[in-house]
file query.txt (compact mmCIF, N, CA and C atoms)
# COMPACT_ATOMS: atom_id res chain seq x y z
N MET W 250 3.92 -28.65 2.97
CA MET W 250 4.16 -28.34 1.57
C MET W 250 2.85 -28.38 0.81
N ASN W 251 2.72 -27.55 -0.17
CA ASN W 251 1.56 -27.49 -1.02
C ASN W 251 1.44 -28.80 -1.78
N THR W 252 0.41 -29.59 -1.48
CA THR W 252 0.29 -30.92 -2.08
C THR W 252 -0.04 -30.86 -3.56
N GLU W 253 -0.65 -29.77 -4.02
CA GLU W 253 -0.98 -29.66 -5.43
C GLU W 253 0.26 -29.50 -6.30
N SER W 254 1.32 -28.96 -5.73
CA SER W 254 2.50 -28.66 -6.53
C SER W 254 3.36 -29.90 -6.79
N HIS W 255 3.31 -30.89 -5.91
CA HIS W 255 4.13 -32.09 -6.03
C HIS W 255 5.61 -31.72 -6.17
N LEU W 256 6.04 -30.78 -5.37
CA LEU W 256 7.41 -30.28 -5.41
C LEU W 256 8.37 -31.35 -4.91
N ARG W 257 9.36 -31.64 -5.72
CA ARG W 257 10.41 -32.56 -5.28
C ARG W 257 11.38 -31.76 -4.42
N MET W 258 11.56 -32.20 -3.20
CA MET W 258 12.43 -31.47 -2.27
C MET W 258 13.87 -31.94 -2.49
N THR W 259 14.56 -31.25 -3.38
CA THR W 259 15.95 -31.57 -3.66
C THR W 259 16.81 -31.15 -2.47
N ARG W 260 18.03 -31.61 -2.44
CA ARG W 260 18.97 -31.24 -1.37
C ARG W 260 19.16 -29.72 -1.36
N GLN W 261 19.28 -29.13 -2.55
CA GLN W 261 19.47 -27.68 -2.62
C GLN W 261 18.27 -26.94 -2.04
N ARG W 262 17.07 -27.34 -2.41
CA ARG W 262 15.87 -26.69 -1.88
C ARG W 262 15.77 -26.87 -0.38
N GLN W 263 16.11 -28.06 0.09
CA GLN W 263 16.03 -28.34 1.52
C GLN W 263 16.99 -27.43 2.29
N VAL W 264 18.21 -27.27 1.80
CA VAL W 264 19.20 -26.43 2.49
C VAL W 264 18.76 -24.96 2.45
N ILE W 265 18.25 -24.50 1.32
CA ILE W 265 17.74 -23.12 1.22
C ILE W 265 16.62 -22.91 2.23
N LEU W 266 15.70 -23.85 2.29
CA LEU W 266 14.57 -23.76 3.22
C LEU W 266 15.06 -23.75 4.67
N GLU W 267 15.99 -24.63 5.00
CA GLU W 267 16.54 -24.69 6.37
C GLU W 267 17.21 -23.37 6.74
N GLU W 268 18.02 -22.85 5.84
CA GLU W 268 18.73 -21.60 6.14
C GLU W 268 17.75 -20.43 6.29
N LEU W 269 16.72 -20.42 5.47
CA LEU W 269 15.74 -19.34 5.56
C LEU W 269 14.94 -19.44 6.86
N ARG W 270 14.65 -20.64 7.30
CA ARG W 270 13.88 -20.80 8.54
C ARG W 270 14.72 -20.58 9.79
N ARG W 271 16.03 -20.55 9.64
CA ARG W 271 16.92 -20.29 10.78
C ARG W 271 17.06 -18.82 11.11
N THR W 272 16.58 -17.96 10.24
CA THR W 272 16.77 -16.53 10.45
C THR W 272 15.43 -15.82 10.48
N CYS W 273 15.39 -14.71 11.18
CA CYS W 273 14.18 -13.89 11.17
C CYS W 273 14.49 -12.54 10.53
N SER W 274 15.61 -12.47 9.77
CA SER W 274 16.04 -11.20 9.20
C SER W 274 15.46 -10.91 7.82
N HIS W 275 14.66 -11.81 7.28
CA HIS W 275 14.04 -11.60 5.97
C HIS W 275 15.09 -11.27 4.91
N PRO W 276 16.03 -12.19 4.68
CA PRO W 276 17.15 -11.91 3.79
C PRO W 276 16.76 -11.85 2.32
N GLY W 277 17.62 -11.17 1.55
CA GLY W 277 17.51 -11.17 0.10
C GLY W 277 18.22 -12.39 -0.44
N ALA W 278 18.14 -12.60 -1.75
CA ALA W 278 18.74 -13.77 -2.38
C ALA W 278 20.26 -13.83 -2.17
N ASP W 279 20.94 -12.68 -2.21
CA ASP W 279 22.40 -12.67 -2.03
C ASP W 279 22.81 -13.17 -0.65
N GLU W 280 22.08 -12.75 0.36
CA GLU W 280 22.39 -13.20 1.72
C GLU W 280 22.10 -14.69 1.88
N ILE W 281 21.01 -15.15 1.29
CA ILE W 281 20.69 -16.58 1.34
C ILE W 281 21.78 -17.37 0.62
N TYR W 282 22.23 -16.86 -0.51
CA TYR W 282 23.31 -17.48 -1.28
C TYR W 282 24.56 -17.64 -0.40
N ALA W 283 24.94 -16.57 0.31
CA ALA W 283 26.13 -16.63 1.18
C ALA W 283 25.96 -17.69 2.27
N ARG W 284 24.77 -17.78 2.84
CA ARG W 284 24.51 -18.76 3.90
C ARG W 284 24.55 -20.19 3.36
N VAL W 285 23.90 -20.40 2.22
CA VAL W 285 23.80 -21.75 1.65
C VAL W 285 25.17 -22.21 1.15
N ARG W 286 25.97 -21.30 0.63
CA ARG W 286 27.31 -21.68 0.13
C ARG W 286 28.20 -22.28 1.20
N ARG W 287 27.95 -21.95 2.45
CA ARG W 287 28.73 -22.55 3.54
C ARG W 287 28.49 -24.06 3.60
N ARG W 288 27.29 -24.46 3.22
CA ARG W 288 26.92 -25.88 3.26
C ARG W 288 27.03 -26.54 1.89
N LEU W 289 26.77 -25.79 0.84
CA LEU W 289 26.83 -26.30 -0.53
C LEU W 289 27.72 -25.37 -1.35
N PRO W 290 29.03 -25.51 -1.25
CA PRO W 290 29.95 -24.55 -1.86
C PRO W 290 29.84 -24.41 -3.37
N ARG W 291 29.30 -25.41 -4.05
CA ARG W 291 29.25 -25.37 -5.52
C ARG W 291 27.93 -24.81 -6.06
N ILE W 292 27.04 -24.41 -5.20
CA ILE W 292 25.74 -23.89 -5.65
C ILE W 292 25.93 -22.52 -6.30
N SER W 293 25.15 -22.23 -7.33
CA SER W 293 25.25 -20.95 -8.02
C SER W 293 24.16 -20.00 -7.54
N LEU W 294 24.39 -18.72 -7.76
CA LEU W 294 23.40 -17.72 -7.40
C LEU W 294 22.12 -17.92 -8.22
N GLY W 295 22.27 -18.30 -9.48
CA GLY W 295 21.11 -18.58 -10.32
C GLY W 295 20.25 -19.69 -9.75
N THR W 296 20.88 -20.72 -9.21
CA THR W 296 20.15 -21.83 -8.58
C THR W 296 19.39 -21.33 -7.36
N ILE W 297 20.01 -20.45 -6.60
CA ILE W 297 19.34 -19.87 -5.44
C ILE W 297 18.09 -19.11 -5.90
N TYR W 298 18.24 -18.24 -6.88
CA TYR W 298 17.10 -17.45 -7.38
C TYR W 298 15.98 -18.36 -7.87
N ARG W 299 16.31 -19.35 -8.68
CA ARG W 299 15.29 -20.26 -9.22
C ARG W 299 14.56 -21.00 -8.11
N ASN W 300 15.31 -21.51 -7.14
CA ASN W 300 14.68 -22.27 -6.06
C ASN W 300 13.88 -21.39 -5.12
N LEU W 301 14.30 -20.16 -4.90
CA LEU W 301 13.49 -19.24 -4.09
C LEU W 301 12.15 -18.98 -4.77
N GLU W 302 12.16 -18.82 -6.08
CA GLU W 302 10.91 -18.61 -6.82
C GLU W 302 10.02 -19.84 -6.73
N VAL W 303 10.60 -21.02 -6.87
CA VAL W 303 9.82 -22.27 -6.78
C VAL W 303 9.24 -22.43 -5.38
N LEU W 304 10.07 -22.23 -4.35
CA LEU W 304 9.61 -22.37 -2.97
C LEU W 304 8.52 -21.36 -2.64
N SER W 305 8.65 -20.17 -3.20
CA SER W 305 7.63 -19.14 -3.00
C SER W 305 6.33 -19.51 -3.72
N ALA W 306 6.45 -19.96 -4.96
CA ALA W 306 5.26 -20.30 -5.76
C ALA W 306 4.48 -21.47 -5.16
N THR W 307 5.18 -22.35 -4.46
CA THR W 307 4.51 -23.53 -3.88
C THR W 307 4.09 -23.30 -2.43
N GLY W 308 4.34 -22.11 -1.90
CA GLY W 308 3.88 -21.79 -0.55
C GLY W 308 4.78 -22.26 0.56
N GLU W 309 5.98 -22.70 0.25
CA GLU W 309 6.93 -23.13 1.29
C GLU W 309 7.55 -21.95 2.01
N ILE W 310 7.67 -20.81 1.32
CA ILE W 310 8.22 -19.59 1.89
C ILE W 310 7.37 -18.43 1.39
N GLN W 311 7.59 -17.26 1.98
CA GLN W 311 6.93 -16.04 1.51
C GLN W 311 7.96 -15.19 0.78
N LYS W 312 7.55 -14.63 -0.33
CA LYS W 312 8.37 -13.63 -1.00
C LYS W 312 7.80 -12.29 -0.58
N ILE W 313 8.65 -11.44 -0.04
CA ILE W 313 8.23 -10.13 0.43
C ILE W 313 8.66 -9.10 -0.60
N GLU W 314 7.71 -8.55 -1.30
CA GLU W 314 7.99 -7.52 -2.29
C GLU W 314 7.47 -6.21 -1.70
N THR W 315 8.36 -5.53 -1.01
CA THR W 315 7.99 -4.31 -0.31
C THR W 315 8.19 -3.11 -1.21
N GLY W 316 8.03 -1.94 -0.65
CA GLY W 316 8.25 -0.72 -1.39
C GLY W 316 9.70 -0.55 -1.82
N GLY W 317 10.61 -1.28 -1.19
CA GLY W 317 12.01 -1.23 -1.60
C GLY W 317 12.21 -2.08 -2.84
N SER W 318 13.37 -1.98 -3.45
CA SER W 318 13.60 -2.70 -4.70
C SER W 318 14.02 -4.14 -4.47
N LEU W 319 14.56 -4.46 -3.31
CA LEU W 319 15.06 -5.79 -3.03
C LEU W 319 13.94 -6.74 -2.62
N LYS W 320 13.87 -7.88 -3.28
CA LYS W 320 12.94 -8.92 -2.85
C LYS W 320 13.56 -9.61 -1.66
N ARG W 321 12.76 -9.82 -0.66
CA ARG W 321 13.21 -10.52 0.54
C ARG W 321 12.38 -11.77 0.70
N PHE W 322 12.86 -12.68 1.52
CA PHE W 322 12.18 -13.95 1.68
C PHE W 322 12.02 -14.27 3.16
N ASP W 323 10.94 -14.97 3.47
CA ASP W 323 10.56 -15.25 4.85
C ASP W 323 10.21 -16.73 4.96
N GLY W 324 10.86 -17.42 5.88
CA GLY W 324 10.57 -18.83 6.12
C GLY W 324 9.30 -19.03 6.93
N ASN W 325 8.79 -17.97 7.52
CA ASN W 325 7.57 -18.04 8.31
C ASN W 325 6.39 -17.81 7.37
N ILE W 326 5.64 -18.87 7.09
CA ILE W 326 4.53 -18.74 6.13
C ILE W 326 3.19 -18.47 6.79
N SER W 327 3.18 -18.37 8.12
CA SER W 327 1.91 -18.03 8.77
C SER W 327 1.57 -16.58 8.45
N PRO W 328 0.29 -16.25 8.39
CA PRO W 328 -0.09 -14.87 8.06
C PRO W 328 0.45 -13.89 9.10
N HIS W 329 1.18 -12.90 8.65
CA HIS W 329 1.69 -11.86 9.53
C HIS W 329 2.11 -10.65 8.70
N TYR W 330 2.30 -9.53 9.38
CA TYR W 330 2.67 -8.29 8.73
C TYR W 330 4.14 -7.98 8.98
N HIS W 331 4.65 -7.02 8.23
CA HIS W 331 6.06 -6.64 8.34
C HIS W 331 6.19 -5.14 8.56
N ILE W 332 7.35 -4.77 9.13
CA ILE W 332 7.73 -3.37 9.30
C ILE W 332 9.04 -3.19 8.53
N ARG W 333 9.11 -2.15 7.70
CA ARG W 333 10.33 -1.89 6.92
C ARG W 333 10.90 -0.54 7.29
N CYS W 334 12.20 -0.53 7.56
CA CYS W 334 12.90 0.73 7.85
C CYS W 334 13.07 1.48 6.53
N LEU W 335 12.66 2.72 6.52
CA LEU W 335 12.75 3.55 5.32
C LEU W 335 14.17 3.94 4.98
N ARG W 336 15.06 3.80 5.93
CA ARG W 336 16.44 4.23 5.70
C ARG W 336 17.34 3.06 5.28
N CYS W 337 17.37 1.99 6.07
CA CYS W 337 18.27 0.87 5.77
C CYS W 337 17.54 -0.31 5.12
N HIS W 338 16.22 -0.25 5.06
CA HIS W 338 15.36 -1.26 4.43
C HIS W 338 15.31 -2.59 5.19
N LYS W 339 15.75 -2.58 6.44
CA LYS W 339 15.60 -3.77 7.28
C LYS W 339 14.12 -4.10 7.40
N VAL W 340 13.80 -5.40 7.39
CA VAL W 340 12.41 -5.85 7.51
C VAL W 340 12.30 -6.76 8.73
N VAL W 341 11.30 -6.50 9.57
CA VAL W 341 11.04 -7.34 10.74
C VAL W 341 9.55 -7.66 10.79
N ASP W 342 9.22 -8.71 11.51
CA ASP W 342 7.82 -9.07 11.70
C ASP W 342 7.16 -8.04 12.61
N ALA W 343 5.95 -7.64 12.27
CA ALA W 343 5.19 -6.71 13.10
C ALA W 343 4.49 -7.50 14.21
N PRO W 344 4.66 -7.09 15.46
CA PRO W 344 4.08 -7.84 16.58
C PRO W 344 2.61 -7.49 16.82
N VAL W 345 1.80 -7.65 15.79
CA VAL W 345 0.36 -7.41 15.89
C VAL W 345 -0.37 -8.58 15.25
N GLU W 346 -1.59 -8.76 15.69
CA GLU W 346 -2.44 -9.81 15.11
C GLU W 346 -2.87 -9.43 13.70
N VAL W 347 -2.98 -10.42 12.85
CA VAL W 347 -3.50 -10.20 11.50
C VAL W 347 -4.98 -9.85 11.59
N LEU W 348 -5.41 -8.93 10.77
CA LEU W 348 -6.81 -8.51 10.75
C LEU W 348 -7.58 -9.40 9.78
N PRO W 349 -8.21 -10.45 10.30
CA PRO W 349 -8.83 -11.44 9.41
C PRO W 349 -10.05 -10.93 8.65
N ASP W 350 -10.74 -9.94 9.16
CA ASP W 350 -11.98 -9.48 8.53
C ASP W 350 -11.79 -8.24 7.66
N ILE W 351 -10.57 -7.81 7.47
CA ILE W 351 -10.34 -6.56 6.75
C ILE W 351 -10.84 -6.64 5.30
N GLU W 352 -10.76 -7.83 4.70
CA GLU W 352 -11.24 -7.97 3.31
C GLU W 352 -12.74 -7.68 3.20
N ARG W 353 -13.49 -8.01 4.24
CA ARG W 353 -14.93 -7.78 4.21
C ARG W 353 -15.30 -6.31 4.13
N LEU W 354 -14.39 -5.43 4.54
CA LEU W 354 -14.65 -3.99 4.44
C LEU W 354 -14.85 -3.56 2.98
N LEU W 355 -14.34 -4.36 2.05
CA LEU W 355 -14.45 -4.04 0.63
C LEU W 355 -15.64 -4.71 -0.05
N ASP W 356 -16.33 -5.58 0.66
CA ASP W 356 -17.49 -6.26 0.07
C ASP W 356 -18.48 -5.26 -0.50
N GLY W 357 -18.80 -5.42 -1.78
CA GLY W 357 -19.77 -4.56 -2.43
C GLY W 357 -19.27 -3.19 -2.81
N LYS W 358 -18.02 -2.87 -2.48
CA LYS W 358 -17.48 -1.54 -2.78
C LYS W 358 -16.55 -1.54 -3.99
N THR W 359 -16.32 -2.71 -4.57
CA THR W 359 -15.43 -2.84 -5.71
C THR W 359 -15.85 -4.05 -6.54
N ASP W 360 -15.42 -4.08 -7.78
CA ASP W 360 -15.70 -5.23 -8.64
C ASP W 360 -14.68 -6.35 -8.45
N PHE W 361 -13.65 -6.10 -7.66
CA PHE W 361 -12.61 -7.11 -7.42
C PHE W 361 -13.12 -8.23 -6.53
N THR W 362 -12.61 -9.42 -6.76
CA THR W 362 -12.78 -10.51 -5.82
C THR W 362 -11.54 -10.47 -4.94
N ILE W 363 -11.70 -10.13 -3.70
CA ILE W 363 -10.58 -9.98 -2.78
C ILE W 363 -10.18 -11.37 -2.28
N THR W 364 -8.90 -11.70 -2.44
CA THR W 364 -8.40 -13.02 -2.03
C THR W 364 -7.44 -12.95 -0.86
N GLY W 365 -7.09 -11.75 -0.43
CA GLY W 365 -6.17 -11.61 0.70
C GLY W 365 -5.67 -10.19 0.78
N HIS W 366 -4.73 -9.96 1.69
CA HIS W 366 -4.15 -8.63 1.83
C HIS W 366 -2.76 -8.72 2.41
N ARG W 367 -2.00 -7.67 2.19
CA ARG W 367 -0.66 -7.52 2.76
C ARG W 367 -0.58 -6.12 3.34
N ILE W 368 -0.05 -6.02 4.52
CA ILE W 368 0.15 -4.71 5.12
C ILE W 368 1.62 -4.58 5.48
N GLU W 369 2.21 -3.46 5.06
CA GLU W 369 3.60 -3.17 5.37
C GLU W 369 3.62 -1.87 6.16
N PHE W 370 4.16 -1.92 7.36
CA PHE W 370 4.33 -0.72 8.16
C PHE W 370 5.69 -0.12 7.84
N LEU W 371 5.77 1.19 7.86
CA LEU W 371 7.00 1.89 7.53
C LEU W 371 7.46 2.72 8.71
N GLY W 372 8.77 2.84 8.86
CA GLY W 372 9.31 3.64 9.94
C GLY W 372 10.82 3.61 9.93
N LEU W 373 11.41 3.97 11.05
CA LEU W 373 12.86 3.92 11.21
C LEU W 373 13.19 2.93 12.31
N CYS W 374 14.12 2.03 12.03
CA CYS W 374 14.56 1.08 13.05
C CYS W 374 15.35 1.84 14.12
N PRO W 375 15.57 1.24 15.29
CA PRO W 375 16.30 1.95 16.36
C PRO W 375 17.68 2.46 15.94
N LYS W 376 18.41 1.68 15.16
CA LYS W 376 19.74 2.09 14.72
C LYS W 376 19.66 3.33 13.83
N CYS W 377 18.71 3.33 12.90
CA CYS W 377 18.55 4.48 12.01
C CYS W 377 17.98 5.69 12.74
N GLN W 378 17.15 5.45 13.75
CA GLN W 378 16.65 6.57 14.57
C GLN W 378 17.81 7.28 15.24
N ALA W 379 18.73 6.48 15.80
CA ALA W 379 19.88 7.05 16.49
C ALA W 379 20.75 7.84 15.52
N LYS W 380 20.96 7.30 14.32
CA LYS W 380 21.75 8.02 13.31
C LYS W 380 21.08 9.32 12.93
N ALA W 381 19.76 9.29 12.73
CA ALA W 381 19.01 10.49 12.34
C ALA W 381 19.10 11.55 13.44
N GLU W 382 18.99 11.11 14.69
CA GLU W 382 19.09 12.05 15.81
C GLU W 382 20.48 12.66 15.89
N ALA W 383 21.51 11.84 15.69
CA ALA W 383 22.89 12.34 15.72
C ALA W 383 23.13 13.34 14.58
N GLU W 384 22.60 13.05 13.40
CA GLU W 384 22.74 13.97 12.27
C GLU W 384 22.01 15.27 12.54
N SER W 385 20.84 15.17 13.14
CA SER W 385 20.06 16.36 13.45
C SER W 385 20.79 17.23 14.47
N ARG W 386 21.37 16.61 15.51
CA ARG W 386 22.14 17.36 16.51
C ARG W 386 23.33 18.04 15.85
N TYR W 387 24.00 17.33 14.97
CA TYR W 387 25.17 17.88 14.28
C TYR W 387 24.78 19.10 13.46
N LEU W 388 23.66 19.00 12.73
CA LEU W 388 23.24 20.11 11.89
C LEU W 388 22.81 21.32 12.71
N THR W 389 22.20 21.09 13.87
CA THR W 389 21.77 22.23 14.70
C THR W 389 22.97 22.89 15.40
N GLU W 390 24.05 22.14 15.59
CA GLU W 390 25.23 22.70 16.23
C GLU W 390 26.08 23.51 15.25
N MET W 391 25.83 23.34 13.96
CA MET W 391 26.64 24.05 12.96
C MET W 391 26.31 25.51 12.90

call {"tool": "encode", "arguments": {"input": "query.txt", "output": "structure tokens"}}
result
Amino acid sequence: MNTESHLRMTRQRQVILEELRRTCSHPGADEIYARVRRRLPRISLGTIYRNLEVLSATGEIQKIETGGSLKRFDGNISPHYHIRCLRCHKVVDAPVEVLPDIERLLDGKTDFTITGHRIEFLGLCPKCQAKAEAESRYLTEM
């Protein structure tokens, strides 16, 4: 935990964190809410949103703000990249090493102080590829 934040780990935050770390699906707040409600039936969606923001701000989780409109969350805080399906918006971890020196490519080329980077790969997941192929076959048979 980020020691500068002095975050009090409430029962609600702990359950949210546990549920997020149990999945690799990079869920949105609604999905996390459904999971947490199984353990804490009286929790509100607003509480989920507030605690996700706090956990993200303190570095306990990652907030993934991709090209899609839905914010997703990741319990894996180690540096890594993501792949997002352009059709269903599923997000998965990219199985590649993080490029640690990429920021240096910008040294002296901009007035910005570069503090990090995020890379999002885009494509179609296997399920959406199959749907696209089936639709394409259907259209060519017409």

call {"tool": "select_by_dssp", "arguments": {"input": "query.txt", "residues": "chain W", "states": "helix (DSSP H, G or I)", "output": "MDAnalysis selection string"}}
result
chainID W and resid 260:270 278:288 294:306 351:355 375:390

call {"tool": "select_by_dssp", "arguments": {"input": "query.txt", "residues": "region 311-370 of chain W", "states": "strand (DSSP E)", "output": "VMD selection string"}}
result
chain W and resid 311 to 313 321 to 323 331 to 334 340 to 342 369 to 370

call {"tool": "residues_around", "arguments": {"input": "query.txt", "residues": "region 327-343 of chain W", "least_positions_apart": "2", "cutoff": "7 Å", "atoms": "only N, CA and C atoms", "output": "compact mmCIF listing (two decimals) with N, CA and C atoms, in the coordinates of the input"}}
result
# COMPACT_ATOMS: atom_id res chain seq x y z
N CYS W 273 15.39 -14.71 11.18
CA CYS W 273 14.18 -13.89 11.17
C CYS W 273 14.49 -12.54 10.53
N SER W 274 15.61 -12.47 9.77
CA SER W 274 16.04 -11.20 9.20
C SER W 274 15.46 -10.91 7.82
N HIS W 275 14.66 -11.81 7.28
CA HIS W 275 14.04 -11.60 5.97
C HIS W 275 15.09 -11.27 4.91
N GLY W 317 10.61 -1.28 -1.19
CA GLY W 317 12.01 -1.23 -1.60
C GLY W 317 12.21 -2.08 -2.84
N GLY W 324 10.86 -17.42 5.88
CA GLY W 324 10.57 -18.83 6.12
C GLY W 324 9.30 -19.03 6.93
N ASN W 325 8.79 -17.97 7.52
CA ASN W 325 7.57 -18.04 8.31
C ASN W 325 6.39 -17.81 7.37
N VAL W 345 1.80 -7.65 15.79
CA VAL W 345 0.36 -7.41 15.89
C VAL W 345 -0.37 -8.58 15.25
N GLU W 346 -1.59 -8.76 15.69
CA GLU W 346 -2.44 -9.81 15.11
C GLU W 346 -2.87 -9.43 13.70
N VAL W 347 -2.98 -10.42 12.85
CA VAL W 347 -3.50 -10.20 11.50
C VAL W 347 -4.98 -9.85 11.59
N ARG W 367 -2.00 -7.67 2.19
CA ARG W 367 -0.66 -7.52 2.76
C ARG W 367 -0.58 -6.12 3.34
N ILE W 368 -0.05 -6.02 4.52
CA ILE W 368 0.15 -4.71 5.12
C ILE W 368 1.62 -4.58 5.48
N GLU W 369 2.21 -3.46 5.06
CA GLU W 369 3.60 -3.17 5.37
C GLU W 369 3.62 -1.87 6.16
N PHE W 370 4.16 -1.92 7.36
CA PHE W 370 4.33 -0.72 8.16
C PHE W 370 5.69 -0.12 7.84
N LEU W 371 5.77 1.19 7.86
CA LEU W 371 7.00 1.89 7.53
C LEU W 371 7.46 2.72 8.71
N GLY W 372 8.77 2.84 8.86
CA GLY W 372 9.31 3.64 9.94
C GLY W 372 10.82 3.61 9.93
N LEU W 373 11.41 3.97 11.05
CA LEU W 373 12.86 3.92 11.21
C LEU W 373 13.19 2.93 12.31
N CYS W 374 14.12 2.03 12.03
CA CYS W 374 14.56 1.08 13.05
C CYS W 374 15.35 1.84 14.12
N CYS W 377 18.71 3.33 12.90
CA CYS W 377 18.55 4.48 12.01
C CYS W 377 17.98 5.69 12.74

call {"tool": "atom_distance", "arguments": {"input": "query.txt", "atom1": "atom C of Thr296 (chain W)", "atom2": "atom C of Asp279 (chain W)"}}
result
11.1 Å

call {"tool": "residues_around", "arguments": {"input": "query.txt", "residues": "Arg262 (chain W)", "least_positions_apart": "4", "cutoff": "8 Å", "atoms": "all atoms listed in the file", "output": "count of residues only"}}
result
8

call {"tool": "residues_around", "arguments": {"input": "query.txt", "residues": "Thr364 (chain W)", "least_positions_apart": "5", "cutoff": "12 Å", "atoms": "only C-alpha atoms", "output": "ChimeraX atom specification"}}
result
/W:349-353,355-356

call {"tool": "write_last_selection", "arguments": {"input": "query.txt", "atoms": "N, CA and C atoms", "output": "mmCIF file, in the coordinates of the input"}}
result
data_model
loop_
_atom_site.group_PDB
_atom_site.id
_atom_site.type_symbol
_atom_site.label_atom_id
_atom_site.label_comp_id
_atom_site.auth_asym_id
_atom_site.auth_seq_id
_atom_site.Cartn_x
_atom_site.Cartn_y
_atom_site.Cartn_z
ATOM 1 N N PRO W 349 -8.210 -10.450 10.300
ATOM 2 C CA PRO W 349 -8.830 -11.440 9.410
ATOM 3 C C PRO W 349 -10.050 -10.930 8.650
ATOM 4 N N ASP W 350 -10.740 -9.940 9.160
ATOM 5 C CA ASP W 350 -11.980 -9.480 8.530
ATOM 6 C C ASP W 350 -11.790 -8.240 7.660
ATOM 7 N N ILE W 351 -10.570 -7.810 7.470
ATOM 8 C CA ILE W 351 -10.340 -6.560 6.750
ATOM 9 C C ILE W 351 -10.840 -6.640 5.300
ATOM 10 N N GLU W 352 -10.760 -7.830 4.700
ATOM 11 C CA GLU W 352 -11.240 -7.970 3.310
ATOM 12 C C GLU W 352 -12.740 -7.680 3.200
ATOM 13 N N ARG W 353 -13.490 -8.010 4.240
ATOM 14 C CA ARG W 353 -14.930 -7.780 4.210
ATOM 15 C C ARG W 353 -15.300 -6.310 4.130
ATOM 16 N N LEU W 355 -14.340 -4.360 2.050
ATOM 17 C CA LEU W 355 -14.450 -4.040 0.630
ATOM 18 C C LEU W 355 -15.640 -4.710 -0.050
ATOM 19 N N ASP W 356 -16.330 -5.580 0.660
ATOM 20 C CA ASP W 356 -17.490 -6.260 0.070
ATOM 21 C C ASP W 356 -18.480 -5.260 -0.500
#

call {"tool": "atom_distance", "arguments": {"input": "query.txt", "atom1": "atom N of Ala379 (chain W)", "atom2": "atom N of Lys312 (chain W)"}}
result
28.8 Å

call {"tool": "decode", "arguments": {"input": "query.txt", "residues": "region 256-271 of chain W", "atoms": "N, CA and C atoms", "output": "compact mmCIF listing (two decimals), in the first residue's frame"}}
result
# COMPACT_ATOMS: atom_id res chain seq x y z
N LEU W 256 -3.95 5.15 3.95
CA LEU W 256 -5.29 4.66 3.66
C LEU W 256 -5.73 3.68 4.73
N ARG W 257 -6.88 3.94 5.31
CA ARG W 257 -7.46 3.00 6.26
C ARG W 257 -8.14 1.90 5.45
N MET W 258 -7.73 0.68 5.66
CA MET W 258 -8.29 -0.44 4.90
C MET W 258 -9.57 -0.91 5.59
N THR W 259 -10.68 -0.32 5.19
CA THR W 259 -11.97 -0.70 5.74
C THR W 259 -12.35 -2.09 5.22
N ARG W 260 -13.34 -2.69 5.83
CA ARG W 260 -13.83 -4.00 5.39
C ARG W 260 -14.31 -3.92 3.94
N GLN W 261 -15.00 -2.83 3.61
CA GLN W 261 -15.49 -2.68 2.24
C GLN W 261 -14.34 -2.60 1.24
N ARG W 262 -13.33 -1.81 1.54
CA ARG W 262 -12.18 -1.69 0.64
C ARG W 262 -11.46 -3.02 0.52
N GLN W 263 -11.34 -3.72 1.63
CA GLN W 263 -10.64 -5.01 1.62
C GLN W 263 -11.37 -6.01 0.72
N VAL W 264 -12.69 -6.07 0.82
CA VAL W 264 -13.47 -7.00 0.01
C VAL W 264 -13.39 -6.61 -1.47
N ILE W 265 -13.48 -5.32 -1.77
CA ILE W 265 -13.35 -4.86 -3.16
C ILE W 265 -11.99 -5.27 -3.72
N LEU W 266 -10.95 -5.03 -2.94
CA LEU W 266 -9.59 -5.38 -3.35
C LEU W 266 -9.45 -6.88 -3.57
N GLU W 267 -9.97 -7.68 -2.65
CA GLU W 267 -9.90 -9.15 -2.79
C GLU W 267 -10.63 -9.62 -4.04
N GLU W 268 -11.81 -9.09 -4.27
CA GLU W 268 -12.58 -9.51 -5.45
C GLU W 268 -11.89 -9.10 -6.74
N LEU W 269 -11.29 -7.92 -6.74
CA LEU W 269 -10.59 -7.46 -7.94
C LEU W 269 -9.35 -8.30 -8.20
N ARG W 270 -8.66 -8.71 -7.16
CA ARG W 270 -7.45 -9.51 -7.34
C ARG W 270 -7.75 -10.96 -7.68
N ARG W 271 -8.99 -11.38 -7.51
CA ARG W 271 -9.39 -12.75 -7.85
C ARG W 271 -9.68 -12.94 -9.33
